[in-house]
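Novice: What follows is the file structure_17.tsv, containing TSV, C-alpha atoms (C1' of nucleotides):
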```tsv
chain	number	residue	atom	x	y	z
N	1	MET	CA	-4.78	5.61	-3.73
N	2	ILE	CA	-1.83	7.32	-2.09
N	3	SER	CA	0.01	6.06	0.96
N	4	GLN	CA	-0.52	7.47	4.41
N	5	THR	CA	3.00	8.84	4.29
N	6	ALA	CA	2.24	10.67	1.04
N	7	GLU	CA	-0.92	12.09	2.54
N	8	TYR	CA	1.09	13.40	5.49
N	9	ALA	CA	3.72	14.91	3.23
N	10	LEU	CA	1.10	16.73	1.20
N	11	ARG	CA	-0.56	18.11	4.31
N	12	ALA	CA	2.75	19.41	5.59
N	13	ILE	CA	3.67	21.04	2.30
N	14	VAL	CA	0.26	22.65	1.93
N	15	PHE	CA	0.51	24.00	5.44
N	16	LEU	CA	3.94	25.46	4.78
N	17	ALA	CA	2.68	26.93	1.53
N	18	MET	CA	-0.16	28.64	3.33
N	19	ASN	CA	2.42	30.37	5.52
N	20	LYS	CA	5.29	30.42	3.17
N	21	ASP	CA	7.23	33.29	4.68
N	22	SER	CA	8.09	31.81	8.02
N	23	ALA	CA	9.54	28.60	9.31
N	24	PHE	CA	7.55	26.10	11.34
N	25	THR	CA	8.67	23.40	13.70
N	26	THR	CA	7.68	19.78	13.41
N	27	ARG	CA	5.45	20.26	16.42
N	28	GLN	CA	3.64	23.20	14.88
N	29	ILE	CA	3.11	21.46	11.57
N	30	SER	CA	2.01	18.34	13.41
N	31	LYS	CA	-0.60	20.24	15.34
N	32	ALA	CA	-2.01	21.98	12.29
N	33	THR	CA	-2.08	18.92	10.08
N	34	ARG	CA	-2.91	16.31	12.71
N	35	VAL	CA	0.03	14.15	11.72
N	36	PRO	CA	1.76	12.23	14.55
N	37	SER	CA	4.70	14.45	15.27
N	38	ALA	CA	7.39	11.78	15.64
N	39	TYR	CA	6.41	10.31	12.33
N	40	LEU	CA	6.10	13.70	10.70
N	41	SER	CA	9.70	14.27	11.66
N	42	LYS	CA	10.68	11.38	9.44
N	43	VAL	CA	8.50	12.60	6.61
N	44	MET	CA	10.03	16.07	6.83
N	45	ARG	CA	13.49	14.55	6.57
N	46	ALA	CA	12.44	12.85	3.34
N	47	LEU	CA	11.08	16.12	2.00
N	48	GLY	CA	14.35	17.75	2.95
N	49	LYS	CA	16.41	15.16	1.11
N	50	ALA	CA	14.27	15.76	-1.95
N	51	ASN	CA	14.95	19.47	-1.63
N	52	LEU	CA	11.33	20.45	-1.27
N	53	VAL	CA	11.85	22.00	2.14
N	54	LYS	CA	14.89	23.41	3.85
N	55	SER	CA	15.44	23.00	7.53
N	56	GLN	CA	17.02	25.11	10.20
N	57	ARG	CA	18.14	23.50	13.41
N	58	GLY	CA	18.22	25.00	16.84
N	59	PHE	CA	16.25	27.72	18.52
N	60	GLY	CA	13.85	29.45	16.16
N	61	GLY	CA	14.45	26.77	13.56
N	62	GLY	CA	11.99	24.75	11.56
N	63	PHE	CA	11.00	24.06	8.00
N	64	ILE	CA	10.26	26.30	5.06
N	65	LEU	CA	9.57	25.63	1.38
N	66	THR	CA	12.49	25.79	-1.00
N	67	LYS	CA	10.43	27.27	-3.81
N	68	ALA	CA	7.21	29.04	-4.61
N	69	PRO	CA	4.00	26.98	-4.35
N	70	ASP	CA	3.29	27.52	-8.04
N	71	LYS	CA	6.55	25.78	-8.88
N	72	MET	CA	5.87	22.77	-6.71
N	73	THR	CA	3.72	19.91	-7.99
N	74	ILE	CA	1.92	17.19	-6.14
N	75	LEU	CA	3.90	14.67	-8.16
N	76	GLU	CA	7.19	15.97	-6.81
N	77	ILE	CA	5.96	15.50	-3.29
N	78	LEU	CA	4.68	12.00	-3.94
N	79	ASN	CA	7.95	11.07	-5.56
N	80	ALA	CA	9.86	12.34	-2.56
N	81	VAL	CA	8.18	9.96	-0.13
N	82	ASP	CA	6.53	7.22	-2.14
N	83	PRO	CA	7.53	7.26	-5.79
N	84	VAL	CA	5.00	6.61	-8.54
N	85	ARG	CA	6.23	3.39	-10.10
N	86	ARG	CA	5.70	2.97	-13.78
N	87	ILE	CA	5.73	-0.57	-15.16
N	88	ARG	CA	8.68	-0.87	-17.47
N	89	THR	CA	9.26	-4.58	-17.69
N	90	CYS	CA	7.03	-7.62	-17.46
N	91	PRO	CA	6.11	-8.11	-13.77
N	92	LEU	CA	6.03	-11.87	-14.28
N	93	GLY	CA	9.69	-11.75	-15.15
N	94	LEU	CA	9.04	-13.44	-18.47
N	95	GLU	CA	12.16	-13.18	-20.57
N	96	ALA	CA	10.12	-13.37	-23.73
N	97	HIS	CA	8.14	-10.32	-22.74
N	98	GLY	CA	11.00	-8.24	-21.47
N	99	THR	CA	10.13	-4.69	-22.23
N	100	ASN	CA	7.02	-5.48	-24.24
N	101	LEU	CA	4.23	-5.31	-21.75
N	102	CYS	CA	1.21	-7.49	-22.31
N	103	ALA	CA	-2.14	-5.77	-22.63
N	104	LEU	CA	-2.92	-6.19	-18.94
N	105	HIS	CA	0.19	-4.42	-17.80
N	106	LYS	CA	-0.13	-1.82	-20.52
N	107	GLU	CA	-3.54	-1.02	-19.11
N	108	ILE	CA	-2.30	-0.78	-15.53
N	109	ASP	CA	0.69	1.27	-16.54
N	110	GLY	CA	-1.59	3.47	-18.60
N	111	ALA	CA	-3.61	4.28	-15.52
N	112	THR	CA	-0.41	4.99	-13.65
N	113	ALA	CA	0.62	7.34	-16.42
N	114	ILE	CA	-2.67	9.19	-16.14
N	115	ILE	CA	-2.11	9.70	-12.43
N	116	GLU	CA	1.44	10.82	-13.01
N	117	GLU	CA	0.21	13.30	-15.61
N	118	THR	CA	-2.59	14.59	-13.42
N	119	PHE	CA	-0.37	15.12	-10.42
N	120	SER	CA	2.40	16.65	-12.47
N	121	LYS	CA	0.03	19.39	-13.53
N	122	ALA	CA	-1.37	20.09	-10.09
N	123	THR	CA	0.70	22.62	-8.20
N	124	ILE	CA	0.40	23.49	-4.56
N	125	ALA	CA	-0.61	26.98	-5.61
N	126	ASP	CA	-3.57	25.45	-7.44
N	127	ILE	CA	-4.65	23.83	-4.21
N	128	LEU	CA	-4.41	27.09	-2.30
N	129	SER	CA	-6.28	29.10	-4.87
N	130	LYS	CA	-9.15	26.75	-5.45
N	131	PRO	CA	-12.41	28.10	-4.12
N	132	THR	CA	-13.81	25.71	-1.56
N	133	LYS	CA	-16.02	25.73	1.45
N	134	SER	CA	-13.24	24.35	3.61
N	135	ILE	CA	-9.94	26.08	4.15
N	136	PRO	CA	-7.23	23.51	3.56
N	137	LEU	CA	-6.40	21.51	6.65
N	138	ILE	CA	-7.56	23.92	9.26
N	139	GLY	CA	-11.06	24.81	10.51
M	140	MET	CA	-0.46	1.89	-8.06
M	141	ILE	CA	-2.36	-1.30	-7.37
M	142	SER	CA	-1.58	-3.79	-4.63
M	143	GLN	CA	0.25	-7.01	-5.23
M	144	THR	CA	-2.95	-8.84	-4.38
M	145	ALA	CA	-4.85	-6.89	-7.02
M	146	GLU	CA	-2.16	-7.65	-9.57
M	147	TYR	CA	-2.50	-11.35	-8.78
M	148	ALA	CA	-6.28	-11.23	-9.04
M	149	LEU	CA	-6.11	-9.58	-12.43
M	150	ARG	CA	-3.63	-12.14	-13.72
M	151	ALA	CA	-5.86	-14.97	-12.60
M	152	ILE	CA	-8.97	-13.47	-14.15
M	153	VAL	CA	-7.22	-12.75	-17.44
M	154	PHE	CA	-5.93	-16.30	-17.52
M	155	LEU	CA	-9.39	-17.71	-16.92
M	156	ALA	CA	-10.81	-15.40	-19.55
M	157	MET	CA	-8.30	-16.66	-22.09
M	158	ASN	CA	-9.62	-20.15	-21.48
M	159	LYS	CA	-13.09	-19.36	-20.47
M	160	ASP	CA	-14.75	-22.65	-21.29
M	161	SER	CA	-13.02	-24.90	-18.84
M	162	ALA	CA	-12.20	-24.87	-15.15
M	163	PHE	CA	-8.68	-24.55	-13.82
M	164	THR	CA	-7.24	-25.49	-10.49
M	165	THR	CA	-5.34	-23.13	-8.26
M	166	ARG	CA	-2.16	-24.96	-9.15
M	167	GLN	CA	-2.74	-24.55	-12.89
M	168	ILE	CA	-3.55	-20.87	-12.60
M	169	SER	CA	-0.58	-20.41	-10.31
M	170	LYS	CA	1.77	-21.95	-12.82
M	171	ALA	CA	0.49	-19.88	-15.72
M	172	THR	CA	0.43	-16.60	-13.85
M	173	ARG	CA	3.46	-17.09	-11.63
M	174	VAL	CA	1.49	-16.31	-8.50
M	175	PRO	CA	2.47	-18.23	-5.33
M	176	SER	CA	-0.14	-20.97	-5.27
M	177	ALA	CA	-0.96	-20.88	-1.55
M	178	TYR	CA	-1.55	-17.17	-1.73
M	179	LEU	CA	-3.46	-17.44	-4.98
M	180	SER	CA	-5.82	-19.78	-3.19
M	181	LYS	CA	-6.74	-16.92	-0.87
M	182	VAL	CA	-7.13	-14.50	-3.74
M	183	MET	CA	-9.41	-16.91	-5.57
M	184	ARG	CA	-11.59	-17.19	-2.49
M	185	ALA	CA	-11.99	-13.42	-2.49
M	186	LEU	CA	-12.90	-13.47	-6.16
M	187	GLY	CA	-15.41	-16.20	-5.41
M	188	LYS	CA	-17.02	-14.19	-2.63
M	189	ALA	CA	-17.34	-11.29	-5.04
M	190	ASN	CA	-19.02	-13.60	-7.52
M	191	LEU	CA	-16.48	-13.09	-10.24
M	192	VAL	CA	-15.53	-16.75	-10.37
M	193	LYS	CA	-17.36	-19.86	-9.37
M	194	SER	CA	-15.58	-22.78	-7.85
M	195	GLN	CA	-16.06	-26.49	-8.00
M	196	ARG	CA	-14.51	-28.66	-5.36
M	197	GLY	CA	-13.19	-32.18	-5.68
M	198	PHE	CA	-11.84	-34.15	-8.59
M	199	GLY	CA	-11.98	-32.25	-11.86
M	200	GLY	CA	-12.86	-29.09	-9.99
M	201	GLY	CA	-11.38	-25.64	-10.20
M	202	PHE	CA	-12.38	-22.10	-11.07
M	203	ILE	CA	-14.27	-20.61	-13.97
M	204	LEU	CA	-15.55	-17.10	-14.69
M	205	THR	CA	-19.13	-16.33	-13.75
M	206	LYS	CA	-19.68	-14.07	-16.74
M	207	ALA	CA	-18.36	-13.15	-20.14
M	208	PRO	CA	-15.09	-11.21	-20.25
M	209	ASP	CA	-16.81	-8.29	-21.94
M	210	LYS	CA	-19.08	-7.94	-18.94
M	211	MET	CA	-16.27	-7.94	-16.41
M	212	THR	CA	-14.36	-4.76	-15.66
M	213	ILE	CA	-10.98	-4.25	-14.07
M	214	LEU	CA	-12.68	-2.13	-11.44
M	215	GLU	CA	-14.86	-5.01	-10.31
M	216	ILE	CA	-11.80	-7.15	-9.80
M	217	LEU	CA	-9.93	-4.46	-7.89
M	218	ASN	CA	-12.95	-3.88	-5.71
M	219	ALA	CA	-13.15	-7.58	-4.93
M	220	VAL	CA	-9.69	-7.74	-3.41
M	221	ASP	CA	-8.58	-4.20	-2.65
M	222	PRO	CA	-11.39	-1.69	-2.98
M	223	VAL	CA	-10.81	1.72	-4.53
M	224	ARG	CA	-11.46	4.09	-1.64
M	225	ARG	CA	-12.96	7.41	-2.49
M	226	ILE	CA	-12.49	10.24	0.00
M	227	ARG	CA	-15.90	11.16	1.34
M	228	THR	CA	-15.11	12.94	4.56
M	229	CYS	CA	-12.23	15.03	5.80
M	230	PRO	CA	-9.30	12.68	6.53
M	231	LEU	CA	-8.17	14.93	9.37
M	232	GLY	CA	-11.45	14.26	11.10
M	233	LEU	CA	-12.21	17.95	11.32
M	234	GLU	CA	-15.80	18.36	12.35
M	235	ALA	CA	-15.99	21.70	10.64
M	236	HIS	CA	-15.06	20.14	7.33
M	237	GLY	CA	-17.24	17.10	7.56
M	238	THR	CA	-18.28	16.28	4.07
M	239	ASN	CA	-16.80	19.39	2.50
M	240	LEU	CA	-13.37	18.32	1.39
M	241	CYS	CA	-10.65	20.92	1.30
M	242	ALA	CA	-8.92	21.53	-2.03
M	243	LEU	CA	-6.12	19.11	-1.25
M	244	HIS	CA	-8.44	16.21	-0.64
M	245	LYS	CA	-10.65	17.21	-3.53
M	246	GLU	CA	-7.61	16.94	-5.74
M	247	ILE	CA	-6.62	13.52	-4.41
M	248	ASP	CA	-10.16	12.25	-4.60
M	249	GLY	CA	-10.41	13.63	-8.11
M	250	ALA	CA	-7.46	11.51	-9.16
M	251	THR	CA	-9.06	8.53	-7.48
M	252	ALA	CA	-12.22	9.21	-9.42
M	253	ILE	CA	-10.28	9.26	-12.68
M	254	ILE	CA	-8.79	5.86	-11.88
M	255	GLU	CA	-12.16	4.50	-10.93
M	256	GLU	CA	-13.60	5.79	-14.19
M	257	THR	CA	-10.74	4.41	-16.28
M	258	PHE	CA	-10.91	0.97	-14.74
M	259	SER	CA	-14.69	0.85	-14.87
M	260	LYS	CA	-14.51	1.21	-18.63
M	261	ALA	CA	-11.77	-1.35	-19.17
M	262	THR	CA	-13.19	-4.85	-19.56
M	263	ILE	CA	-11.24	-8.07	-19.55
M	264	ALA	CA	-12.34	-8.58	-23.14
M	265	ASP	CA	-10.60	-5.32	-24.01
M	266	ILE	CA	-7.40	-6.70	-22.57
M	267	LEU	CA	-7.69	-9.89	-24.56
M	268	SER	CA	-8.47	-8.18	-27.82
M	269	LYS	CA	-5.79	-5.55	-27.71
M	270	PRO	CA	-3.10	-6.08	-30.30
M	271	THR	CA	0.23	-6.44	-28.56
M	272	LYS	CA	3.56	-8.05	-29.09
M	273	SER	CA	3.19	-10.08	-25.92
M	274	ILE	CA	0.43	-12.55	-25.33
M	275	PRO	CA	-1.00	-11.82	-21.91
M	276	LEU	CA	0.79	-13.61	-19.12
M	277	ILE	CA	2.20	-16.50	-21.09
M	278	GLY	CA	5.20	-16.67	-23.47
Y	279	DA	C1'	29.91	29.46	28.14
Y	280	DA	C1'	25.46	27.61	29.56
Y	281	DT	C1'	20.93	26.63	28.31
Y	282	DA	C1'	16.98	25.49	25.85
Y	283	DA	C1'	14.99	24.67	21.33
Y	284	DT	C1'	15.21	22.25	17.36
Y	285	DC	C1'	16.54	19.03	13.57
Y	286	DT	C1'	19.10	14.37	12.48
Y	287	DG	C1'	19.80	9.65	12.55
Y	288	DG	C1'	18.91	5.40	13.98
Y	289	DA	C1'	16.99	1.86	17.06
Y	290	DC	C1'	12.90	-0.13	18.35
Y	291	DA	C1'	7.58	-1.29	18.31
Y	292	DT	C1'	3.18	-2.13	16.09
Y	293	DA	C1'	0.05	-3.09	12.41
Y	294	DG	C1'	-1.28	-4.54	8.04
Y	295	DA	C1'	-0.06	-6.89	3.60
Y	296	DT	C1'	1.86	-10.78	1.83
Y	297	DG	C1'	2.90	-15.55	1.98
Y	298	DT	C1'	2.84	-20.60	3.92
Y	299	DC	C1'	0.73	-24.49	5.82
Y	300	DC	C1'	-2.61	-27.81	7.34
Y	301	DA	C1'	-7.05	-29.89	8.77
Y	302	DA	C1'	-11.81	-30.13	7.22
Y	303	DT	C1'	-14.99	-30.53	3.52
Y	304	DT	C1'	-16.72	-31.68	-1.07
Y	305	DC	C1'	-16.75	-34.22	-5.21
Y	306	DG	C1'	-15.65	-37.64	-9.02
Y	307	DT	C1'	-13.95	-42.31	-9.90
Y	308	DC	C1'	-13.40	-46.95	-8.93
B	309	DG	C1'	-17.89	-46.90	0.53
B	310	DA	C1'	-12.84	-45.94	-0.09
B	311	DC	C1'	-9.71	-43.05	-2.28
B	312	DG	C1'	-7.60	-39.19	-4.29
B	313	DA	C1'	-8.30	-34.45	-6.10
B	314	DA	C1'	-9.66	-30.22	-5.18
B	315	DT	C1'	-11.61	-26.01	-2.60
B	316	DT	C1'	-12.43	-23.79	2.18
B	317	DG	C1'	-11.18	-21.77	6.33
B	318	DG	C1'	-8.17	-20.48	9.53
B	319	DA	C1'	-3.74	-20.52	12.03
B	320	DC	C1'	0.75	-19.10	11.66
B	321	DA	C1'	5.14	-16.71	9.59
B	322	DT	C1'	7.45	-12.94	7.33
B	323	DC	C1'	8.01	-8.54	5.40
B	324	DT	C1'	6.97	-3.68	4.74
B	325	DA	C1'	4.60	0.58	6.18
B	326	DT	C1'	3.57	3.10	9.92
B	327	DG	C1'	4.58	4.93	14.32
B	328	DT	C1'	7.53	5.89	18.78
B	329	DC	C1'	11.56	7.05	21.16
B	330	DC	C1'	16.04	8.74	22.36
B	331	DA	C1'	20.90	10.23	22.02
B	332	DG	C1'	23.60	13.46	19.32
B	333	DA	C1'	24.36	17.71	16.63
B	334	DT	C1'	23.23	22.47	15.70
B	335	DT	C1'	21.64	27.10	16.74
B	336	DA	C1'	19.72	31.49	19.09
B	337	DT	C1'	19.44	33.65	23.45
B	338	DT	C1'	21.18	34.97	27.73
```
Could I get this structure in the form of structure tokens?
Specialist:
Amino acid sequence: MISQTAEYALRAIVFLAMNKDSAFTTRQISKATRVPSAYLSKVMRALGKANLVKSQRGFGGGFILTKAPDKMTILEILNAVDPVRRIRTCPLGLEAHGTNLCALHKEIDGATAIIEETFSKATIADILSKPTKSIPLIG
Amino acid sequence: MISQTAEYALRAIVFLAMNKDSAFTTRQISKATRVPSAYLSKVMRALGKANLVKSQRGFGGGFILTKAPDKMTILEILNAVDPVRRIRTCPLGLEAHGTNLCALHKEIDGATAIIEETFSKATIADILSKPTKSIPLIG
DNA sequence: AATAATCTGGACATAGATGTCCAATTCGTC
DNA sequence: GACGAATTGGACATCTATGTCCAGATTATT
């Protein structure tokens, strides 16, 4: 459904949102989210480029969210690391089709649109506030 | 959204459904759907194993659907080549979570469920009957 | 200023998805 | 039965996603 990288990015963001007033290092986030730390480093860079987290180098540095969890959607995070790709032109490259998708690709794109819509409405704050038997990520 | 392999499988099935009374060879399907023929051969095998097409070897052989297009759903085809994976246990492998997904994974699995639901309701016959400016796959 | 902690960027390694190829098998036609 | 058409199965090649590593830059502390 979503890539491994996207899964990692979401875990990291949720973790930061749970502790949104302090910065955390890659190693700390890695430990809490069980994401390989070297790889997480890459993912965090991508999140930084997309302006979802800001980073501070050096001693006492780390990552922190750039905005409140209720302003941050799952879709934004996915798009930062592994963009949702809508189908805009005929995947067969048929000139005659061009921008008019056939029914098959309309259907697939329709499903993609539903996902996009669903994830655009789901904020990180929603995740944190949802009653559940398991605290997100940890124990 | 869906893998390349799944896209290819859907094209092949739709093509066969459009001509559901005769058999077509890999080469013919490949030409019509613009799927690399050697790779399509593999995809067709997978569809055969899943009992969505039956094959006939030798002269005059080829592939034909095993059932009517209105009995065949997109989900079945996806599951034949690239199964929709629901999240059933905590992806972090946290013992304490076990089968109780945290809110993040509930959300992701929820989206997966929506896709599963959508595609389980969409039959190949639906695709063929939908009014559209572009005939599926061809011209 | 020296040091240690931390991110940044990029090179490299591994694994899985995608794609190609060929020998073996099956089947219809002659 | 010989031949050509077609699938089957598996080996191999290539590309992309995932994962590891290290040198360089930045920062707080001393």
Novice: Find, counting only C-alpha atoms (C1' of nucleotides), the residue in N:Gly110, N:Gly48, N:Gly61, N:Pro36 that gets nearest to chain Y.
Specialist: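 Checking each of N:Gly110, N:Gly48, N:Gly61, N:Pro36 against chain Y, counting only C-alpha atoms (C1' of nucleotides), the winner is N:Gly61.
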Novice: Per residue of chain N within 12 Å of chain B, note the shortest atom pair and the distance in Å to one decimal, counting only C-alpha atoms (C1' of nucleotides), and order the rows by chain and increasing residue number, as CSV.
Specialist:
```
residue,atom,partner,partner_atom,distance
N:Ser3,CA,B:DA325,C1',8.9
N:Gln4,CA,B:DT326,C1',8.1
N:Thr5,CA,B:DT326,C1',8.1
N:Ala6,CA,B:DA325,C1',11.6
N:Tyr8,CA,B:DT326,C1',11.5
N:Val35,CA,B:DG327,C1',10.6
N:Pro36,CA,B:DG327,C1',7.8
N:Ser37,CA,B:DG327,C1',9.6
N:Ala38,CA,B:DT328,C1',6.7
N:Tyr39,CA,B:DG327,C1',6.0
N:Leu40,CA,B:DG327,C1',9.6
N:Ser41,CA,B:DG327,C1',11.0
N:Lys42,CA,B:DG327,C1',10.1
N:Val43,CA,B:DT326,C1',11.2
N:Ser55,CA,B:DT334,C1',11.3
N:Gln56,CA,B:DT335,C1',8.3
N:Arg57,CA,B:DT334,C1',5.7
N:Gly58,CA,B:DT335,C1',4.0
N:Phe59,CA,B:DA336,C1',5.2
N:Gly60,CA,B:DA336,C1',6.9
N:Gly61,CA,B:DT335,C1',7.9
N:Gly62,CA,B:DT335,C1',11.2
N:Val81,CA,B:DA325,C1',11.9
N:Asp82,CA,B:DA325,C1',10.8
```
Novice: Just need the residues of chain Y within 6 Å of chain N, counting all atoms listed in the file, so spit them out as a PyMOL selection string.
Specialist: chain Y and resi 283-285
Novice: Within 9 Å of M:Ile254, counting only C-alpha atoms (C1' of nucleotides), which residues qualify if same-chain residues fewer than 2 places away don't, as a list in words?
Specialist: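 My reading of the contact set: Ala111, Thr112, Ile114 and Ile115 of chain N; Leu214, Val223, Gly249, Ala250, Thr251, Ala252, Glu256, Thr257, Phe258 and Ser259 of chain M.
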Novice: Would you export the selected residues with C-alpha atoms as a short mmCIF file (atom, residue, chain, number, x, y, z; two decimals), keeping the file's coordinate frame, please?
Specialist:
```cif
data_model
loop_
_atom_site.label_atom_id
_atom_site.label_comp_id
_atom_site.auth_asym_id
_atom_site.auth_seq_id
_atom_site.Cartn_x
_atom_site.Cartn_y
_atom_site.Cartn_z
CA ALA N 111 -3.61 4.28 -15.52
CA THR N 112 -0.41 4.99 -13.65
CA ILE N 114 -2.67 9.19 -16.14
CA ILE N 115 -2.11 9.70 -12.43
CA LEU M 214 -12.68 -2.13 -11.44
CA VAL M 223 -10.81 1.72 -4.53
CA GLY M 249 -10.41 13.63 -8.11
CA ALA M 250 -7.46 11.51 -9.16
CA THR M 251 -9.06 8.53 -7.48
CA ALA M 252 -12.22 9.21 -9.42
CA GLU M 256 -13.60 5.79 -14.19
CA THR M 257 -10.74 4.41 -16.28
CA PHE M 258 -10.91 0.97 -14.74
CA SER M 259 -14.69 0.85 -14.87
#
```
Novice: Extract, using all atoms listed in the file, all DNA, RNA and protein residues at most 8 Å from N:Ala17, discarding same-chain residues fewer than 6 positions from it, and format them as a VMD selection string.
Specialist: chain N and resid 65 68 to 69 124 to 125
Novice: Rank M:Glu255, M:Lys206, M:Thr238, M:Thr262 by their smallest atom-to-atom distance to M:Arg224, using all atoms listed in the file, and report the top residue only.
Specialist: M:Glu255
Novice: Taking all atoms of stretch 17-26 of chain N that the file lists, what box with edges along x, y and z, padded by 5 Å per side, do you get, with centre and edge lengths in Å to one decimal, as AutoDock Vina command-line options?
Specialist:
```
--center_x 4.7 --center_y 26.5 --center_z 7.6 --size_x 19.7 --size_y 23.5 --size_z 22.2
```
Novice: For M:Lys193, which of M:Leu155, M:Leu149, M:Leu231, M:Ile266 is the closest residue, counting all atoms listed in the file?
Specialist: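 Once distances to M:Lys193 are computed over all atoms listed in the file, the minimum belongs to M:Leu155.
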Novice: Any idea what the distance is between atom CA of M:Asn218 and atom CA of N:Leu94?
Specialist: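 Interatomic distance here is 27.2 Å.
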Novice: Have a look at M:Ala261, M:Leu217, M:Ala185, M:Ala162 and name the one nearest to chain N; count all atoms listed in the file.
Specialist: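 Comparing M:Ala261, M:Leu217, M:Ala185, M:Ala162 against chain N, the winner is M:Ala261.
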Novice: Mind pulling up the distance from atom CA of N:Arg86 to atom CA of N:Met1?
Specialist: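 One can read the atom CA of N:Met1 to atom CA of N:Arg86 distance as 14.8 Å.
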Novice: Quick one: of M:Asn158, M:Thr172, M:Thr205, M:Thr212, who's nearest to chain N, counting all atoms listed in the file?
Specialist: M:Thr172
Novice: Using Å and a single decimal, report how far atom CA of N:Val53 sits from atom CA of N:Lys130.
Specialist: 22.8 Å
